[in-house]
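Colleague: Sharing a structure, written as structure tokens. Questions coming.
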Amino acid sequence: MPEALRLGVQYISCFLFKIPDFIPVRQGKKKIMDPNIQRVLGHIENEYTEIIHLGELAAISGYSLSRFKIKFKDKVGITPSNYIRFKKLEYAKYLLRTTEKTVTRIALDSGFSSSNYFSTVMKNLSNYSPCEYRDFYKANRLKKDNN
């Protein structure tokens with residue numbers, strides 16, 4: 001039961017993260033993404049497994065660092081650092097589900113500075129350690145395959 005509870009919390013967290021996408025836009029008042037922030041999002045999408053400095057993102061956006069942080073949070077809904085962390089974590093979870101790589105290798109391949117940091121972030125954001133996540137995913141996959 002605790003695993004089901006953790007999985008539920010993870011799904012709820014993902015849902016809450018996506019709520020801004022579900023808010024209806026009134027006709028005639030479409031929320032337009034700032035092209036400078038859109039450029040930054042594209043850069044993050046291509047480089048999230050690398051070390052990305054906020055100053056670098058601010059330069060890409062053309063804003064000062066402080067203005068960039070404000071604009072990014074306003075348009076995306078979370079800070080740039082959290083957005084990058086979520087991108088890295090989603091990729092790491094994909095690797096945990098689809099490969100047999102070690103947790104350390106996955107942490108480094110996903111752009112985390114260490115396996116300890118990766119484990120801490122994963123536990124905080126999904127309530128699973130990397131090993132628990134992998135084991136839970138495999139157990140559920142086996143159940144589905146046997147049915």
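Chains: A, B, ... in order of the structure tokens. Residues: from 1 per chain. Ligands: from 1, in order shown.
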Env of Ser129 (chain A): 9 Å cut, atoms = only C-alpha atoms, seq-sep filter 6 positions within chain, self excluded. Answer as a PyMOL selection string.

Modeller: chain A and resi 119-123

Colleague: Quick one: residues within 8 Å of Ile84 (chain A), only C-alpha atoms, excluding same-chain residues fewer than 3 positions away - as a PyMOL selection string?

Modeller: chain A and resi 44+48+80-81+87-88

Colleague: Keeping only N, CA, C and O atoms, write the selected residues to a file as an mmCIF file, in the first residue's frame.

Modeller:
```cif
data_model
loop_
_atom_site.group_PDB
_atom_site.id
_atom_site.type_symbol
_atom_site.label_atom_id
_atom_site.label_comp_id
_atom_site.auth_asym_id
_atom_site.auth_seq_id
_atom_site.Cartn_x
_atom_site.Cartn_y
_atom_site.Cartn_z
ATOM 1 N N ILE A 44 16.987 24.839 -23.133
ATOM 2 C CA ILE A 44 16.940 23.884 -22.023
ATOM 3 C C ILE A 44 16.574 22.501 -22.547
ATOM 4 O O ILE A 44 17.175 21.497 -22.145
ATOM 5 N N TYR A 48 19.528 20.063 -21.320
ATOM 6 C CA TYR A 48 19.288 19.853 -19.884
ATOM 7 C C TYR A 48 20.192 18.805 -19.250
ATOM 8 O O TYR A 48 20.352 18.786 -18.044
ATOM 9 N N PRO A 80 13.438 28.911 -13.182
ATOM 10 C CA PRO A 80 14.257 28.222 -14.187
ATOM 11 C C PRO A 80 14.998 27.023 -13.587
ATOM 12 O O PRO A 80 15.084 25.962 -14.219
ATOM 13 N N SER A 81 15.513 27.172 -12.376
ATOM 14 C CA SER A 81 16.247 26.067 -11.744
ATOM 15 C C SER A 81 15.344 24.857 -11.530
ATOM 16 O O SER A 81 15.749 23.716 -11.793
ATOM 17 N N LYS A 87 13.174 18.606 -15.739
ATOM 18 C CA LYS A 87 13.569 17.998 -17.017
ATOM 19 C C LYS A 87 14.585 16.884 -16.798
ATOM 20 O O LYS A 87 14.461 15.802 -17.374
ATOM 21 N N LYS A 88 15.589 17.143 -15.959
ATOM 22 C CA LYS A 88 16.603 16.130 -15.659
ATOM 23 C C LYS A 88 15.973 14.917 -14.992
ATOM 24 O O LYS A 88 16.287 13.771 -15.324
#
```

Colleague: Report the distance between CA of Leu89 (chain A) and CA of Ser110 (chain A) in Å, rounded to one decimal place.

Modeller: 7.3 Å

Colleague: Compile the contact shell of Thr102 (chain A) as a list in words: residues with an atom at most 12 Å away, counting only C-alpha atoms, same-chain residues fewer than 5 positions apart removed.

Modeller: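 These residues fall inside the cut-off: Ala92, Leu95, Leu96, Arg97, Ala107, Leu108, Asp109, Ser115, Pro130, Cys131 and Arg134 of chain A.
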
Colleague: Measuring between only C-alpha atoms, which one of A:Phe118, A:Gln38, A:Ile60, A:Asp135 shows the shortest distance to Val76 (chain A)?

Modeller: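 Of all the options, A:Gln38 lies closest to Val76 (chain A).
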